[in-house]
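Quick notes on the structure that follows.
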Amino acid sequence: MTSSIREKILVYLLLSIVLLLFMTPIYLILVSSLKPSALMFSRPPAFIFTPTLDNYYDLFTLRPFHLQILNSLIVALGSTAFSLTVGTLAAYAISRIKSRWINDVAFWILSMRMFPPIAVVVPYYIIFQSLGLLDTPLALIIVYSTFNIPLTVWLMKGFFDEVPAALEEAAQVDGHGVFATFLHVTLPLTAPGLAVSAVFCFIFSWNEFLFALMLTGSKAQTVTVAVMSFWSSDAVQWGRIMAGSFVVLIPGVIFVLTCQRWLVKGLTMGSVKG
């Protein structure tokens, strides 16, 4: 056996171990969501049982879980779209403007991402209460965007730095304006960066819990808060928690797979550069 074959076997073995580690929690969530309540904590554990959809049935019939999924989709997609729009334009400006102060501005934008959520949730609550925006998707979109925009700016800046200015100059010589050049020349070349930014923004907005718990009630409640509502001082409904957790995983996986074409390329390009 040659050394190259041994190296390939070792690589595939390590990848298999990593894949197993990542997939085991998802497998356990799925199996637990299909397990009857009587077997949930049986000793020894029941590995062979008749699957049931009772937990999923209870999840969607005993509470408006489909509406909470819709709330999460509205918030996540809204925040992602807004953050990409504002963050991409800001990143392009930072990348192209030549000034000794521009790096300070860029660092100030990034510092907005460093605030711990628990430190700003109370001020946000007071502001939205005075504006009448508590328990609305708009409140969460605004809050999540304040965290997603700095991340988008720094990710996209690395991609814009890699686009040669000569391409833009050539397009402007051909009669394109600044915005047309940005839209038709520069932006398509940074599609991998947009995909990476979109995935990070969506996953953060979809999974976030603290702001969703503090700033929403019954009308704009998201799935993360809804799943945790099955955990109370009276009882812990593990079957419904597992069913809800598995449902919560699905949109994120679909979104990542949709962006997969550009995601792998984006993670190995300008997005990892400072």
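Following the order of the structure tokens, first chain is A, next is B, and so on, with residues numbered from 1 inside each chain and ligands from 1 in the order they appear.
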
Practice item. Determine which residues of stretch 11-222 of chain A receive a DSSP assignment of helix (DSSP H, G or I), computed from the backbone, and state them as an MDAnalysis selection string. Key: chainID A and resid 11:33 37:39 54:61 65:96 102:114 117:131 137:162 165:173 178:189 191:207 210:215

Point to revise | 12 Å contact set for stretch 177-186 of chain A, only C-alpha atoms, chain neighbours under 2 positions out, as a count of residues only | key: 33

Point to revise | Neighbour list for A:Phe246 as number ranges by chain, cut-off 8 Å, only C-alpha atoms, skip fewer than 2 positions in-chain | key: A: 26, 29-30, 33, 242-244, 248-250

Write a file of the just-selected residues containing C-alpha atoms, as a compact mmCIF listing (two decimals), in the first residue's frame.
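Listed below is the output, again_28.txt:
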```txt
# COMPACT_ATOMS: atom_id res chain seq x y z
CA ILE A 26 -29.57 15.17 14.56
CA ILE A 29 -33.41 14.30 17.81
CA LEU A 30 -35.20 12.56 14.93
CA SER A 33 -39.29 12.75 18.09
CA MET A 242 -37.67 16.95 19.92
CA ALA A 243 -40.32 17.18 17.21
CA GLY A 244 -40.17 20.96 17.26
CA VAL A 248 -36.65 23.98 13.23
CA LEU A 249 -33.62 22.31 11.59
CA ILE A 250 -35.31 21.89 8.20
```

Review point. Do you know which residues are at most 9 Å from A:Ala220 counting only C-alpha atoms, after dropping those on the same chain fewer than 6 positions away, and could you put them as a PyMOL selection string?
Key: chain A and resi 67-68+71-72+134-137+140+212

Next, the residues of the selection above should be written as a PDB file, in the first residue's frame with all heavy atoms.
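Wrote part-v3.pdb, looks like this:
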```pdb
ATOM      1  N   LEU A  67     -47.912  29.024  12.529  1.00  0.00           N
ATOM      2  CA  LEU A  67     -47.830  30.491  12.533  1.00  0.00           C
ATOM      3  C   LEU A  67     -46.496  30.959  13.113  1.00  0.00           C
ATOM      4  O   LEU A  67     -45.935  31.977  12.671  1.00  0.00           O
ATOM      5  CB  LEU A  67     -48.987  31.083  13.340  1.00  0.00           C
ATOM      6  CG  LEU A  67     -50.397  30.811  12.793  1.00  0.00           C
ATOM      7  CD1 LEU A  67     -51.449  31.437  13.698  1.00  0.00           C
ATOM      8  CD2 LEU A  67     -50.529  31.351  11.370  1.00  0.00           C
ATOM      9  N   GLN A  68     -45.978  30.232  14.085  1.00  0.00           N
ATOM     10  CA  GLN A  68     -44.688  30.589  14.654  1.00  0.00           C
ATOM     11  C   GLN A  68     -43.549  30.317  13.667  1.00  0.00           C
ATOM     12  O   GLN A  68     -42.561  31.045  13.631  1.00  0.00           O
ATOM     13  CB  GLN A  68     -44.492  29.822  15.964  1.00  0.00           C
ATOM     14  CG  GLN A  68     -45.445  30.304  17.051  1.00  0.00           C
ATOM     15  CD  GLN A  68     -45.790  29.240  18.071  1.00  0.00           C
ATOM     16  OE1 GLN A  68     -45.473  28.056  17.915  1.00  0.00           O
ATOM     17  NE2 GLN A  68     -46.464  29.654  19.143  1.00  0.00           N
ATOM     18  N   ASN A  71     -43.723  33.263  11.376  1.00  0.00           N
ATOM     19  CA  ASN A  71     -43.082  34.425  12.007  1.00  0.00           C
ATOM     20  C   ASN A  71     -41.566  34.358  11.873  1.00  0.00           C
ATOM     21  O   ASN A  71     -40.910  35.354  11.548  1.00  0.00           O
ATOM     22  CB  ASN A  71     -43.466  34.503  13.486  1.00  0.00           C
ATOM     23  CG  ASN A  71     -44.905  34.924  13.698  1.00  0.00           C
ATOM     24  OD1 ASN A  71     -45.490  35.596  12.856  1.00  0.00           O
ATOM     25  ND2 ASN A  71     -45.473  34.543  14.823  1.00  0.00           N
ATOM     26  N   SER A  72     -40.993  33.184  12.139  1.00  0.00           N
ATOM     27  CA  SER A  72     -39.548  33.026  12.043  1.00  0.00           C
ATOM     28  C   SER A  72     -39.057  33.231  10.617  1.00  0.00           C
ATOM     29  O   SER A  72     -37.998  33.834  10.394  1.00  0.00           O
ATOM     30  CB  SER A  72     -39.129  31.636  12.544  1.00  0.00           C
ATOM     31  OG  SER A  72     -39.282  31.537  13.944  1.00  0.00           O
ATOM     32  N   LEU A 134     -43.496  46.409  20.100  1.00  0.00           N
ATOM     33  CA  LEU A 134     -43.328  45.151  20.812  1.00  0.00           C
ATOM     34  C   LEU A 134     -44.266  44.093  20.245  1.00  0.00           C
ATOM     35  O   LEU A 134     -45.391  44.378  19.840  1.00  0.00           O
ATOM     36  CB  LEU A 134     -43.607  45.344  22.310  1.00  0.00           C
ATOM     37  CG  LEU A 134     -42.502  45.988  23.152  1.00  0.00           C
ATOM     38  CD1 LEU A 134     -42.948  46.093  24.601  1.00  0.00           C
ATOM     39  CD2 LEU A 134     -41.196  45.206  23.047  1.00  0.00           C
ATOM     40  N   ASP A 135     -43.778  42.865  20.234  1.00  0.00           N
ATOM     41  CA  ASP A 135     -44.555  41.727  19.730  1.00  0.00           C
ATOM     42  C   ASP A 135     -44.903  41.893  18.249  1.00  0.00           C
ATOM     43  O   ASP A 135     -46.012  41.574  17.821  1.00  0.00           O
ATOM     44  CB  ASP A 135     -45.828  41.528  20.558  1.00  0.00           C
ATOM     45  CG  ASP A 135     -46.394  40.113  20.409  1.00  0.00           C
ATOM     46  OD1 ASP A 135     -45.676  39.239  19.901  1.00  0.00           O
ATOM     47  OD2 ASP A 135     -47.571  39.918  20.780  1.00  0.00           O
ATOM     48  N   THR A 136     -43.941  42.396  17.472  1.00  0.00           N
ATOM     49  CA  THR A 136     -44.117  42.497  16.019  1.00  0.00           C
ATOM     50  C   THR A 136     -42.860  41.952  15.336  1.00  0.00           C
ATOM     51  O   THR A 136     -41.755  42.078  15.869  1.00  0.00           O
ATOM     52  CB  THR A 136     -44.323  43.957  15.566  1.00  0.00           C
ATOM     53  OG1 THR A 136     -43.145  44.725  15.858  1.00  0.00           O
ATOM     54  CG2 THR A 136     -45.527  44.567  16.251  1.00  0.00           C
ATOM     55  N   PRO A 137     -43.010  41.357  14.153  1.00  0.00           N
ATOM     56  CA  PRO A 137     -41.829  40.886  13.416  1.00  0.00           C
ATOM     57  C   PRO A 137     -40.863  42.015  13.074  1.00  0.00           C
ATOM     58  O   PRO A 137     -39.652  41.795  13.008  1.00  0.00           O
ATOM     59  CB  PRO A 137     -42.437  40.259  12.150  1.00  0.00           C
ATOM     60  CG  PRO A 137     -43.838  39.892  12.530  1.00  0.00           C
ATOM     61  CD  PRO A 137     -44.267  40.952  13.489  1.00  0.00           C
ATOM     62  N   LEU A 140     -38.046  42.515  15.619  1.00  0.00           N
ATOM     63  CA  LEU A 140     -36.969  41.528  15.531  1.00  0.00           C
ATOM     64  C   LEU A 140     -36.118  41.746  14.281  1.00  0.00           C
ATOM     65  O   LEU A 140     -34.897  41.560  14.318  1.00  0.00           O
ATOM     66  CB  LEU A 140     -37.554  40.114  15.533  1.00  0.00           C
ATOM     67  CG  LEU A 140     -38.205  39.662  16.839  1.00  0.00           C
ATOM     68  CD1 LEU A 140     -38.715  38.236  16.702  1.00  0.00           C
ATOM     69  CD2 LEU A 140     -37.232  39.768  18.003  1.00  0.00           C
ATOM     70  N   ALA A 212     -35.948  37.233  20.828  1.00  0.00           N
ATOM     71  CA  ALA A 212     -37.281  36.724  20.502  1.00  0.00           C
ATOM     72  C   ALA A 212     -38.100  36.476  21.764  1.00  0.00           C
ATOM     73  O   ALA A 212     -39.316  36.692  21.780  1.00  0.00           O
ATOM     74  CB  ALA A 212     -37.155  35.436  19.690  1.00  0.00           C
TER      75      ALA A 212
END
```

Review point. Which polymer residues have any atom within 12 Å of an atom of A:Phe230, counting only C-alpha atoms, with same-chain residues fewer than 2 positions away left out, as a PyMOL selection string?
Key: chain A and resi 55+58-59+62-63+65+223-228+232-245

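Within 10 Å of stretch 102-114 of chain A there are Ala90, Ala91, Ala93, Ile94, Ser95, Arg96, Ile97, Lys98, Thr146, Phe147, Asn148, Ile149, Pro150, Leu151, Thr152, Val153, Trp154 and Lys157 of chain A, counting only C-alpha atoms and ignoring same-chain residues fewer than 4 positions away.
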
Neighbour list for stretch 127-132 of chain A as a PDB file with N, CA and C atoms, in the first residue's frame, cut-off 12 Å, only C-alpha atoms, skip fewer than 3 positions in-chain:
```pdb
ATOM      1  N   VAL A 120     -28.008  44.828  25.704  1.00  0.00           N
ATOM      2  CA  VAL A 120     -28.798  45.802  24.936  1.00  0.00           C
ATOM      3  C   VAL A 120     -30.275  45.433  24.854  1.00  0.00           C
ATOM      4  N   VAL A 121     -30.657  44.290  25.401  1.00  0.00           N
ATOM      5  CA  VAL A 121     -32.045  43.865  25.243  1.00  0.00           C
ATOM      6  C   VAL A 121     -33.014  44.789  25.985  1.00  0.00           C
ATOM      7  N   VAL A 122     -32.617  45.286  27.158  1.00  0.00           N
ATOM      8  CA  VAL A 122     -33.497  46.189  27.909  1.00  0.00           C
ATOM      9  C   VAL A 122     -33.690  47.522  27.191  1.00  0.00           C
ATOM     10  N   PRO A 123     -32.613  48.188  26.716  1.00  0.00           N
ATOM     11  CA  PRO A 123     -32.830  49.417  25.930  1.00  0.00           C
ATOM     12  C   PRO A 123     -33.714  49.191  24.703  1.00  0.00           C
ATOM     13  N   TYR A 124     -33.502  48.064  24.015  1.00  0.00           N
ATOM     14  CA  TYR A 124     -34.357  47.756  22.868  1.00  0.00           C
ATOM     15  C   TYR A 124     -35.818  47.612  23.304  1.00  0.00           C
ATOM     16  N   ASP A 135     -43.778  42.865  20.234  1.00  0.00           N
ATOM     17  CA  ASP A 135     -44.555  41.727  19.730  1.00  0.00           C
ATOM     18  C   ASP A 135     -44.903  41.893  18.249  1.00  0.00           C
ATOM     19  N   THR A 136     -43.941  42.396  17.472  1.00  0.00           N
ATOM     20  CA  THR A 136     -44.117  42.497  16.019  1.00  0.00           C
ATOM     21  C   THR A 136     -42.860  41.952  15.336  1.00  0.00           C
ATOM     22  N   PRO A 137     -43.010  41.357  14.153  1.00  0.00           N
ATOM     23  CA  PRO A 137     -41.829  40.886  13.416  1.00  0.00           C
ATOM     24  C   PRO A 137     -40.863  42.015  13.074  1.00  0.00           C
ATOM     25  N   LEU A 138     -41.394  43.226  12.866  1.00  0.00           N
ATOM     26  CA  LEU A 138     -40.531  44.354  12.506  1.00  0.00           C
ATOM     27  C   LEU A 138     -39.499  44.636  13.580  1.00  0.00           C
ATOM     28  N   ALA A 139     -39.884  44.505  14.839  1.00  0.00           N
ATOM     29  CA  ALA A 139     -38.939  44.748  15.934  1.00  0.00           C
ATOM     30  C   ALA A 139     -37.761  43.781  15.857  1.00  0.00           C
ATOM     31  N   LEU A 140     -38.046  42.515  15.619  1.00  0.00           N
ATOM     32  CA  LEU A 140     -36.969  41.528  15.531  1.00  0.00           C
ATOM     33  C   LEU A 140     -36.118  41.746  14.281  1.00  0.00           C
ATOM     34  N   ILE A 142     -35.426  44.573  12.884  1.00  0.00           N
ATOM     35  CA  ILE A 142     -34.533  45.699  13.175  1.00  0.00           C
ATOM     36  C   ILE A 142     -33.387  45.264  14.074  1.00  0.00           C
ATOM     37  N   VAL A 143     -33.702  44.543  15.130  1.00  0.00           N
ATOM     38  CA  VAL A 143     -32.671  44.124  16.076  1.00  0.00           C
ATOM     39  C   VAL A 143     -31.672  43.181  15.410  1.00  0.00           C
ATOM     40  N   PHE A 211     -33.585  37.745  22.210  1.00  0.00           N
ATOM     41  CA  PHE A 211     -34.398  38.867  21.745  1.00  0.00           C
ATOM     42  C   PHE A 211     -35.817  38.417  21.433  1.00  0.00           C
ATOM     43  N   MET A 214     -37.708  38.129  24.734  1.00  0.00           N
ATOM     44  CA  MET A 214     -37.965  39.369  25.459  1.00  0.00           C
ATOM     45  C   MET A 214     -38.845  40.349  24.687  1.00  0.00           C
ATOM     46  N   LEU A 215     -38.784  40.323  23.357  1.00  0.00           N
ATOM     47  CA  LEU A 215     -39.456  41.351  22.562  1.00  0.00           C
ATOM     48  C   LEU A 215     -40.735  40.876  21.896  1.00  0.00           C
ATOM     49  N   THR A 216     -41.103  39.612  22.071  1.00  0.00           N
ATOM     50  CA  THR A 216     -42.331  39.111  21.466  1.00  0.00           C
ATOM     51  C   THR A 216     -43.224  38.479  22.521  1.00  0.00           C
TER      52      THR A 216
END
```

Check your understanding: atom CA of A:Val256 and atom CA of A:Ala195 are how many Å apart?
Key -> 8.8 Å
